[in-house]
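Data file: upload-v8.txt. Format and content: compact mmCIF, C-alpha atoms.
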# COMPACT_ATOMS: atom_id res chain seq x y z
CA ALA A 168 0.00 0.00 0.00
CA GLN A 169 1.03 3.59 -0.53
CA SER A 170 0.86 6.57 1.78
CA VAL A 171 1.67 10.25 1.52
CA THR A 172 2.80 12.63 4.24
CA GLN A 173 2.62 16.38 3.92
CA LEU A 174 4.42 17.60 6.97
CA ASP A 175 3.21 21.18 6.91
CA SER A 176 -0.50 21.85 7.26
CA GLN A 177 0.03 25.57 6.70
CA VAL A 178 2.80 27.60 5.08
CA PRO A 179 2.66 31.39 5.36
CA VAL A 180 4.91 33.36 3.03
CA PHE A 181 5.26 36.91 1.75
CA GLU A 182 4.65 37.76 -1.86
CA GLU A 183 7.70 37.33 -4.14
CA ALA A 184 9.42 35.05 -1.64
CA PRO A 185 10.37 31.47 -2.56
CA VAL A 186 8.38 28.59 -1.16
CA GLU A 187 8.80 24.85 -0.73
CA LEU A 188 5.94 22.53 0.15
CA ARG A 189 7.14 19.18 1.42
CA CYS A 190 5.85 15.76 0.44
CA ASN A 191 7.14 12.36 1.44
CA TYR A 192 5.70 9.07 0.32
CA SER A 193 5.87 5.44 1.30
CA SER A 194 5.51 2.53 -1.08
CA SER A 195 6.84 -0.99 -1.58
CA VAL A 196 6.51 -0.62 -5.37
CA SER A 197 7.41 2.01 -7.93
CA VAL A 198 5.07 4.97 -8.01
CA TYR A 199 3.79 7.91 -9.97
CA LEU A 200 3.66 11.22 -8.11
CA PHE A 201 1.37 14.20 -8.51
CA TRP A 202 0.76 17.67 -7.13
CA TYR A 203 -2.70 19.19 -7.29
CA VAL A 204 -3.93 22.65 -6.30
CA GLN A 205 -7.35 23.49 -4.92
CA TYR A 206 -8.76 27.01 -4.78
CA PRO A 207 -11.57 27.72 -2.27
CA ASN A 208 -14.79 25.80 -2.95
CA GLN A 209 -13.45 24.32 -6.15
CA GLY A 210 -12.22 20.99 -7.42
CA LEU A 211 -8.58 20.04 -7.80
CA GLN A 212 -6.38 21.03 -10.72
CA LEU A 213 -3.21 19.19 -11.72
CA LEU A 214 -0.03 21.23 -11.23
CA LEU A 215 2.47 18.63 -12.34
CA LYS A 216 3.25 14.94 -12.28
CA TYR A 217 6.25 12.65 -12.30
CA LEU A 218 6.00 9.47 -14.37
CA SER A 219 9.58 8.72 -15.36
CA GLY A 220 12.70 10.31 -16.79
CA SER A 221 14.08 13.59 -15.47
CA THR A 222 13.59 13.91 -11.74
CA LEU A 223 12.90 17.64 -12.04
CA VAL A 224 9.38 18.23 -13.23
CA LYS A 225 8.03 21.59 -14.30
CA GLY A 226 4.36 22.39 -14.05
CA ILE A 227 1.89 25.20 -14.53
CA ASN A 228 2.01 28.60 -12.82
CA GLY A 229 5.81 28.46 -12.40
CA PHE A 230 5.83 25.50 -10.02
CA GLU A 231 8.33 22.66 -10.15
CA ALA A 232 9.00 19.54 -8.12
CA GLU A 233 11.89 17.18 -7.73
CA PHE A 234 11.56 13.45 -7.31
CA ASN A 235 14.11 12.04 -4.88
CA LYS A 236 13.89 8.28 -4.74
CA SER A 237 16.45 7.80 -1.97
CA GLN A 238 14.60 10.21 0.30
CA THR A 239 11.16 9.18 -0.99
CA SER A 240 10.28 12.82 -1.44
CA PHE A 241 8.56 14.96 -4.05
CA HIS A 242 8.79 18.53 -2.77
CA LEU A 243 7.05 21.35 -4.61
CA ARG A 244 8.86 24.65 -5.15
CA LYS A 245 8.29 28.07 -6.62
CA PRO A 246 11.02 30.74 -6.71
CA SER A 247 8.66 33.69 -6.31
CA VAL A 248 5.05 33.40 -5.18
CA HIS A 249 2.09 35.64 -5.95
CA ILE A 250 -1.01 36.45 -3.96
CA SER A 251 -2.95 34.33 -6.44
CA ASP A 252 -0.99 31.23 -5.35
CA THR A 253 -2.91 31.20 -2.08
CA ALA A 254 -4.63 27.81 -2.11
CA GLU A 255 -4.53 24.27 -0.76
CA TYR A 256 -1.91 22.00 -2.29
CA PHE A 257 -2.17 18.22 -2.33
CA CYS A 258 0.52 15.68 -3.03
CA ALA A 259 -0.68 12.31 -4.34
CA VAL A 260 0.77 8.93 -5.26
CA SER A 261 -0.35 5.95 -7.28
CA ALA A 262 1.32 2.61 -7.72
CA ARG A 263 2.69 1.94 -11.20
CA ASP A 264 1.00 -1.47 -11.26
CA ASN A 265 -2.38 -0.16 -10.04
CA THR A 266 -3.09 3.36 -11.16
CA ASP A 267 -6.77 3.19 -10.39
CA LYS A 268 -6.21 4.44 -6.88
CA LEU A 269 -4.71 7.85 -6.21
CA ILE A 270 -3.70 8.30 -2.58
CA PHE A 271 -3.69 11.88 -1.34
CA GLY A 272 -1.85 13.62 1.46
CA THR A 273 -3.72 15.78 3.92
CA GLY A 274 -2.85 18.98 2.10
CA THR A 275 -0.81 22.12 2.76
CA ARG A 276 -2.49 25.48 2.96
CA LEU A 277 -0.26 28.09 1.27
CA GLN A 278 -1.08 31.60 2.42
CA VAL A 279 0.66 34.40 0.55
CA PHE A 280 0.73 37.79 2.24
CA PRO A 281 1.35 41.15 0.52
CA ASP B 252 -16.39 22.75 -23.38
CA GLY B 253 -15.29 19.37 -22.09
CA GLY B 254 -15.38 18.75 -18.42
CA ILE B 255 -16.95 17.19 -15.37
CA THR B 256 -20.22 18.58 -14.07
CA GLN B 257 -21.36 17.96 -10.52
CA SER B 258 -24.76 18.93 -9.22
CA PRO B 259 -26.03 20.33 -7.04
CA LYS B 260 -23.23 22.55 -5.74
CA TYR B 261 -24.88 22.89 -2.33
CA LEU B 262 -27.34 20.46 -0.79
CA PHE B 263 -29.03 20.36 2.58
CA ARG B 264 -30.79 17.27 3.86
CA LYS B 265 -32.37 16.09 7.05
CA GLU B 266 -30.74 13.26 8.95
CA GLY B 267 -32.08 9.87 7.87
CA GLN B 268 -32.75 10.84 4.26
CA ASN B 269 -30.91 9.41 1.28
CA VAL B 270 -29.46 11.90 -1.16
CA THR B 271 -28.00 11.46 -4.65
CA LEU B 272 -25.18 13.57 -6.05
CA SER B 273 -24.91 13.80 -9.81
CA CYS B 274 -21.69 13.56 -11.82
CA GLU B 275 -21.54 13.80 -15.61
CA GLN B 276 -18.47 13.93 -17.83
CA ASN B 277 -18.08 14.55 -21.55
CA LEU B 278 -14.37 13.79 -21.73
CA ASN B 279 -14.93 10.24 -23.00
CA HIS B 280 -13.09 8.93 -19.94
CA ASP B 281 -13.48 5.29 -19.02
CA ALA B 282 -12.71 5.63 -15.31
CA MET B 283 -14.71 7.67 -12.81
CA TYR B 284 -14.22 8.25 -9.11
CA TRP B 285 -15.88 9.70 -6.03
CA TYR B 286 -13.82 11.27 -3.27
CA ARG B 287 -14.84 12.73 0.04
CA GLN B 288 -12.97 15.71 1.48
CA ASP B 289 -12.98 16.66 5.15
CA PRO B 290 -10.89 19.46 6.67
CA GLY B 291 -7.41 18.28 7.61
CA GLN B 292 -7.94 14.82 6.16
CA GLY B 293 -7.28 15.29 2.50
CA LEU B 294 -9.28 13.29 -0.02
CA ARG B 295 -10.50 9.76 0.59
CA LEU B 296 -11.73 7.43 -2.14
CA ILE B 297 -15.33 6.26 -1.80
CA TYR B 298 -15.98 4.31 -5.02
CA TYR B 299 -14.46 4.05 -8.46
CA SER B 300 -15.50 2.57 -11.78
CA GLN B 301 -13.30 1.54 -14.66
CA ILE B 302 -16.02 0.54 -17.11
CA VAL B 303 -19.77 0.73 -17.48
CA ASN B 304 -21.77 -1.56 -15.21
CA ASP B 305 -18.78 -2.22 -12.98
CA PHE B 306 -17.47 -0.45 -9.89
CA GLN B 307 -15.26 -1.11 -6.88
CA LYS B 308 -15.28 0.05 -3.29
CA GLY B 309 -12.68 2.53 -2.20
CA ASP B 310 -11.40 3.12 1.30
CA ILE B 311 -14.60 4.52 2.83
CA ALA B 312 -17.50 2.93 0.90
CA GLU B 313 -19.71 2.16 3.90
CA GLY B 314 -22.94 4.14 3.79
CA TYR B 315 -22.57 5.01 0.10
CA SER B 316 -23.77 3.46 -3.15
CA VAL B 317 -23.09 4.14 -6.83
CA SER B 318 -24.17 3.06 -10.28
CA ARG B 319 -22.50 3.23 -13.69
CA GLU B 320 -25.20 2.62 -16.29
CA LYS B 321 -23.68 5.03 -18.77
CA LYS B 322 -20.07 5.93 -19.53
CA GLU B 323 -20.75 9.62 -18.93
CA SER B 324 -22.53 9.30 -15.60
CA PHE B 325 -21.54 8.11 -12.13
CA PRO B 326 -24.07 9.20 -9.48
CA LEU B 327 -23.33 8.79 -5.79
CA THR B 328 -26.04 8.09 -3.22
CA VAL B 329 -25.34 8.99 0.37
CA THR B 330 -27.57 6.72 2.41
CA SER B 331 -28.93 7.11 5.90
CA ALA B 332 -26.37 4.48 7.00
CA GLN B 333 -23.53 6.97 6.52
CA LYS B 334 -22.83 8.22 10.03
CA ASN B 335 -21.15 11.52 9.18
CA PRO B 336 -22.32 12.54 5.72
CA THR B 337 -21.64 16.27 5.96
CA ALA B 338 -18.65 16.86 3.70
CA PHE B 339 -17.38 18.14 0.35
CA TYR B 340 -17.75 15.50 -2.36
CA LEU B 341 -15.57 15.45 -5.46
CA CYS B 342 -16.19 13.50 -8.62
CA ALA B 343 -13.30 12.78 -10.97
CA SER B 344 -12.52 10.93 -14.17
CA SER B 345 -9.56 9.75 -16.22
CA HIS B 346 -8.54 7.68 -19.19
CA GLN B 347 -7.53 4.13 -18.44
CA GLY B 348 -3.82 3.45 -18.34
CA THR B 349 -0.78 4.09 -16.28
CA GLY B 350 0.01 7.58 -15.05
CA ASN B 351 -3.01 9.23 -16.59
CA THR B 352 -4.16 12.46 -15.04
CA ILE B 353 -7.32 12.40 -12.97
CA TYR B 354 -9.55 15.40 -13.64
CA PHE B 355 -11.91 16.74 -11.00
CA GLY B 356 -15.30 18.37 -10.98
CA GLU B 357 -16.08 21.49 -8.95
CA GLY B 358 -17.44 19.53 -6.01
CA SER B 359 -20.70 19.32 -4.08
CA TRP B 360 -21.22 20.47 -0.53
CA LEU B 361 -23.58 18.22 1.42
CA THR B 362 -24.84 19.38 4.79
CA VAL B 363 -27.00 17.06 6.86
CA VAL B 364 -28.92 18.64 9.69
Go through the file and emit its structure as structure tokens.
Amino acid sequence: AQSVTQLDSQVPVFEEAPVELRCNYSSSVSVYLFWYVQYPNQGLQLLLKYLSGSTLVKGINGFEAEFNKSQTSFHLRKPSVHISDTAEYFCAVSARDNTDKLIFGTGTRLQVFP
Amino acid sequence: DGGITQSPKYLFRKEGQNVTLSCEQNLNHDAMYWYRQDPGQGLRLIYYSQIVNDFQKGDIAEGYSVSREKKESFPLTVTSAQKNPTAFYLCASSHQGTGNTIYFGEGSWLTVV
């Protein structure tokens, strides 16, 4: 079985500052990794995903994430955040041999202040 | 435009009543899913379906039921057996296959009083 841990429930940051949202996963098999963003009272939107190849993945809205197999991590980063990045961010994992189930972390609330 | 439509957006029901949440997609996706979202708990899978007339229980299926009579539709019924039904419900869909992106609807808020 897979599991995802998002260590920070909330991350406050000032506008134009860099941010890192942490995600660690646990799995006995190879996995695919995803980051989703959720704006208030809306569904989730895919930011980026890692399937294979380069461990640095670039996504929408200037976000990127790096897959680190030895540390079982998939941290999300942005060099300079905007007010509009204020949202809930979810890390998710699925097993490569059973992609029907996407397991989500508990989410990190990113709050960007002016 | 292609997408996933959930209705209603907000729903209030009295305790003990069954309620059905609608989910329709026009993305020609084979797989559909229902997730429940509670504050601080992330998303938990209720049911999923890979093909028409077939579906599987997720991690928290007790007190819920689904049907998949058409490829485009995957309604979720919250029954009176569900002990804590008040939550935000998200429908999603995807193509079959490894690593495919799961797309989400806008969600439905269910409040049981």
Using only C-alpha atoms and a cutoff of 12 Å, can you tell me which residues are near (10.4, 31.7, -1.7) in the file's coordinates, and write them out as a list in words? Val178, Pro179, Val180, Phe181, Glu182, Glu183, Ala184, Pro185, Val186, Glu187, Leu188, Phe230, Leu243, Arg244, Lys245, Pro246, Ser247, Val248, His249, Asp252, Leu277 and Val279 of chain A
Contacts from chain A to chain B, 12 Å maximum, all atoms listed in the file: show me the residue list as an NGL selection string. :A and (168 or 170-177 or 197-219 or 255-276)
Quote the spacing between atom CA of B:Gly254 and atom CA of B:Phe306 in Å to one decimal place. 21.1 Å
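Our summary of the geometry notes that atom CA of B:Thr362 is positioned 8.5 Å from atom CA of B:Lys265.
In this comparison, which uses only C-alpha atoms, the residue of B:Gln307, B:Ser331, B:Ser324, B:Gln257 approaching B:His280 most closely is B:Ser324.
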Atom-to-atom span, atom CA of B:Asn269 and atom CA of B:Leu361, Å: 11.5 Å
Got a sec to check which residues sit within 10 Å of (-21.5, 11.9, -25.9), counting only C-alpha atoms, and write them as JSON, numbers by chain? {"B": [276, 277, 278, 279, 322, 323]}
Report as a list in words all protein, DNA and RNA residues lying within 10 Å of B:Pro336, evaluated on all atoms listed in the file, omitting residues in the same chain fewer than 4 positions from it.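 Surrounding residues, per the criterion: Arg264, Glu266, Val270, Arg287, Gly314, Tyr315, Val329, Thr330, Ser331, Ala332, Tyr340, Leu361, Thr362, Val363 and Val364 of chain B.
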Keeping C-alpha atoms, export the residues of the selection given above as a compact mmCIF listing (two decimals), keeping the file's coordinate frame.
# COMPACT_ATOMS: atom_id res chain seq x y z
CA ARG B 264 -30.79 17.27 3.86
CA GLU B 266 -30.74 13.26 8.95
CA VAL B 270 -29.46 11.90 -1.16
CA ARG B 287 -14.84 12.73 0.04
CA GLY B 314 -22.94 4.14 3.79
CA TYR B 315 -22.57 5.01 0.10
CA VAL B 329 -25.34 8.99 0.37
CA THR B 330 -27.57 6.72 2.41
CA SER B 331 -28.93 7.11 5.90
CA ALA B 332 -26.37 4.48 7.00
CA TYR B 340 -17.75 15.50 -2.36
CA LEU B 361 -23.58 18.22 1.42
CA THR B 362 -24.84 19.38 4.79
CA VAL B 363 -27.00 17.06 6.86
CA VAL B 364 -28.92 18.64 9.69
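Among the candidates B:Cys274, B:Val303, B:Ile255, B:Ile311, the residue lying nearest to B:Phe325 is B:Cys274 (atoms considered: all atoms listed in the file).
Residue nearest A:Gln238 within the list A:Ser195, A:Cys190, A:Ala254, A:Gln169: A:Cys190 [criterion: smallest interatomic distance, all atoms listed in the file].
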Please produce stretch 173-208 of chain A, completed to N, CA and C atoms, as a PDB file, in the coordinates of the input.
ATOM      1  N   GLN A 173       2.308  14.966   4.124  1.00  0.00           N
ATOM      2  CA  GLN A 173       2.620  16.380   3.920  1.00  0.00           C
ATOM      3  C   GLN A 173       2.820  16.963   5.313  1.00  0.00           C
ATOM      4  N   LEU A 174       4.053  17.267   5.608  1.00  0.00           N
ATOM      5  CA  LEU A 174       4.420  17.600   6.970  1.00  0.00           C
ATOM      6  C   LEU A 174       3.863  18.933   7.445  1.00  0.00           C
ATOM      7  N   ASP A 175       3.656  19.846   6.530  1.00  0.00           N
ATOM      8  CA  ASP A 175       3.210  21.180   6.910  1.00  0.00           C
ATOM      9  C   ASP A 175       1.743  21.368   6.565  1.00  0.00           C
ATOM     10  N   SER A 176       0.917  21.616   7.556  1.00  0.00           N
ATOM     11  CA  SER A 176      -0.500  21.850   7.260  1.00  0.00           C
ATOM     12  C   SER A 176      -0.719  23.262   6.735  1.00  0.00           C
ATOM     13  N   GLN A 177       0.132  24.191   7.169  1.00  0.00           N
ATOM     14  CA  GLN A 177       0.030  25.570   6.700  1.00  0.00           C
ATOM     15  C   GLN A 177       1.419  26.135   6.455  1.00  0.00           C
ATOM     16  N   VAL A 178       1.532  26.915   5.376  1.00  0.00           N
ATOM     17  CA  VAL A 178       2.800  27.600   5.080  1.00  0.00           C
ATOM     18  C   VAL A 178       2.486  29.047   4.753  1.00  0.00           C
ATOM     19  N   PRO A 179       2.826  29.958   5.654  1.00  0.00           N
ATOM     20  CA  PRO A 179       2.660  31.390   5.360  1.00  0.00           C
ATOM     21  C   PRO A 179       3.925  31.939   4.716  1.00  0.00           C
ATOM     22  N   VAL A 180       3.754  32.812   3.738  1.00  0.00           N
ATOM     23  CA  VAL A 180       4.910  33.360   3.030  1.00  0.00           C
ATOM     24  C   VAL A 180       4.531  34.727   2.472  1.00  0.00           C
ATOM     25  N   PHE A 181       5.518  35.615   2.350  1.00  0.00           N
ATOM     26  CA  PHE A 181       5.260  36.910   1.750  1.00  0.00           C
ATOM     27  C   PHE A 181       5.375  36.819   0.238  1.00  0.00           C
ATOM     28  N   GLU A 182       4.638  37.704  -0.405  1.00  0.00           N
ATOM     29  CA  GLU A 182       4.650  37.760  -1.860  1.00  0.00           C
ATOM     30  C   GLU A 182       6.076  37.951  -2.360  1.00  0.00           C
ATOM     31  N   GLU A 183       6.406  37.294  -3.454  1.00  0.00           N
ATOM     32  CA  GLU A 183       7.700  37.330  -4.140  1.00  0.00           C
ATOM     33  C   GLU A 183       8.781  36.529  -3.436  1.00  0.00           C
ATOM     34  N   ALA A 184       8.466  35.933  -2.323  1.00  0.00           N
ATOM     35  CA  ALA A 184       9.420  35.050  -1.640  1.00  0.00           C
ATOM     36  C   ALA A 184       9.361  33.669  -2.247  1.00  0.00           C
ATOM     37  N   PRO A 185      10.422  32.864  -2.100  1.00  0.00           N
ATOM     38  CA  PRO A 185      10.370  31.470  -2.560  1.00  0.00           C
ATOM     39  C   PRO A 185       9.618  30.604  -1.559  1.00  0.00           C
ATOM     40  N   VAL A 186       9.113  29.491  -2.047  1.00  0.00           N
ATOM     41  CA  VAL A 186       8.380  28.590  -1.160  1.00  0.00           C
ATOM     42  C   VAL A 186       8.694  27.135  -1.535  1.00  0.00           C
ATOM     43  N   GLU A 187       8.683  26.289  -0.524  1.00  0.00           N
ATOM     44  CA  GLU A 187       8.800  24.850  -0.730  1.00  0.00           C
ATOM     45  C   GLU A 187       7.732  24.160   0.097  1.00  0.00           C
ATOM     46  N   LEU A 188       6.943  23.322  -0.542  1.00  0.00           N
ATOM     47  CA  LEU A 188       5.940  22.530   0.150  1.00  0.00           C
ATOM     48  C   LEU A 188       6.433  21.088   0.128  1.00  0.00           C
ATOM     49  N   ARG A 189       6.499  20.483   1.314  1.00  0.00           N
ATOM     50  CA  ARG A 189       7.140  19.180   1.420  1.00  0.00           C
ATOM     51  C   ARG A 189       6.149  18.030   1.269  1.00  0.00           C
ATOM     52  N   CYS A 190       6.638  16.972   0.629  1.00  0.00           N
ATOM     53  CA  CYS A 190       5.850  15.760   0.440  1.00  0.00           C
ATOM     54  C   CYS A 190       6.779  14.564   0.521  1.00  0.00           C
ATOM     55  N   ASN A 191       6.429  13.628   1.376  1.00  0.00           N
ATOM     56  CA  ASN A 191       7.140  12.360   1.440  1.00  0.00           C
ATOM     57  C   ASN A 191       6.143  11.232   1.237  1.00  0.00           C
ATOM     58  N   TYR A 192       6.592  10.175   0.594  1.00  0.00           N
ATOM     59  CA  TYR A 192       5.700   9.070   0.320  1.00  0.00           C
ATOM     60  C   TYR A 192       6.302   7.764   0.809  1.00  0.00           C
ATOM     61  N   SER A 193       5.442   6.773   0.920  1.00  0.00           N
ATOM     62  CA  SER A 193       5.870   5.440   1.300  1.00  0.00           C
ATOM     63  C   SER A 193       5.226   4.438   0.359  1.00  0.00           C
ATOM     64  N   SER A 194       6.052   3.530  -0.173  1.00  0.00           N
ATOM     65  CA  SER A 194       5.510   2.530  -1.080  1.00  0.00           C
ATOM     66  C   SER A 194       6.503   1.393  -1.241  1.00  0.00           C
ATOM     67  N   SER A 195       5.986   0.182  -1.374  1.00  0.00           N
ATOM     68  CA  SER A 195       6.840  -0.990  -1.580  1.00  0.00           C
ATOM     69  C   SER A 195       7.064  -1.243  -3.078  1.00  0.00           C
ATOM     70  N   VAL A 196       6.359  -0.476  -3.920  1.00  0.00           N
ATOM     71  CA  VAL A 196       6.510  -0.620  -5.370  1.00  0.00           C
ATOM     72  C   VAL A 196       6.791   0.752  -5.970  1.00  0.00           C
ATOM     73  N   SER A 197       7.164   0.744  -7.249  1.00  0.00           N
ATOM     74  CA  SER A 197       7.410   2.010  -7.930  1.00  0.00           C
ATOM     75  C   SER A 197       6.121   2.795  -8.061  1.00  0.00           C
ATOM     76  N   VAL A 198       6.257   4.123  -8.043  1.00  0.00           N
ATOM     77  CA  VAL A 198       5.070   4.970  -8.010  1.00  0.00           C
ATOM     78  C   VAL A 198       5.108   6.079  -9.048  1.00  0.00           C
ATOM     79  N   TYR A 199       3.928   6.637  -9.283  1.00  0.00           N
ATOM     80  CA  TYR A 199       3.790   7.910  -9.970  1.00  0.00           C
ATOM     81  C   TYR A 199       3.437   8.936  -8.902  1.00  0.00           C
ATOM     82  N   LEU A 200       3.879  10.178  -9.103  1.00  0.00           N
ATOM     83  CA  LEU A 200       3.660  11.220  -8.110  1.00  0.00           C
ATOM     84  C   LEU A 200       3.020  12.438  -8.749  1.00  0.00           C
ATOM     85  N   PHE A 201       2.159  13.081  -8.005  1.00  0.00           N
ATOM     86  CA  PHE A 201       1.370  14.200  -8.510  1.00  0.00           C
ATOM     87  C   PHE A 201       1.301  15.312  -7.465  1.00  0.00           C
ATOM     88  N   TRP A 202       1.149  16.546  -7.975  1.00  0.00           N
ATOM     89  CA  TRP A 202       0.760  17.670  -7.130  1.00  0.00           C
ATOM     90  C   TRP A 202      -0.486  18.310  -7.743  1.00  0.00           C
ATOM     91  N   TYR A 203      -1.479  18.512  -6.886  1.00  0.00           N
ATOM     92  CA  TYR A 203      -2.700  19.190  -7.290  1.00  0.00           C
ATOM     93  C   TYR A 203      -2.876  20.458  -6.452  1.00  0.00           C
ATOM     94  N   VAL A 204      -3.595  21.433  -7.031  1.00  0.00           N
ATOM     95  CA  VAL A 204      -3.930  22.650  -6.300  1.00  0.00           C
ATOM     96  C   VAL A 204      -5.441  22.793  -6.239  1.00  0.00           C
ATOM     97  N   GLN A 205      -5.922  23.272  -5.103  1.00  0.00           N
ATOM     98  CA  GLN A 205      -7.350  23.490  -4.920  1.00  0.00           C
ATOM     99  C   GLN A 205      -7.596  24.907  -4.420  1.00  0.00           C
ATOM    100  N   TYR A 206      -8.344  25.679  -5.212  1.00  0.00           N
ATOM    101  CA  TYR A 206      -8.760  27.010  -4.780  1.00  0.00           C
ATOM    102  C   TYR A 206     -10.064  26.880  -4.002  1.00  0.00           C
ATOM    103  N   PRO A 207     -10.400  27.846  -3.153  1.00  0.00           N
ATOM    104  CA  PRO A 207     -11.570  27.720  -2.270  1.00  0.00           C
ATOM    105  C   PRO A 207     -12.836  27.295  -3.000  1.00  0.00           C
ATOM    106  N   ASN A 208     -13.499  26.290  -2.445  1.00  0.00           N
ATOM    107  CA  ASN A 208     -14.790  25.800  -2.950  1.00  0.00           C
ATOM    108  C   ASN A 208     -14.737  25.316  -4.392  1.00  0.00           C
TER     109      ASN A 208
END
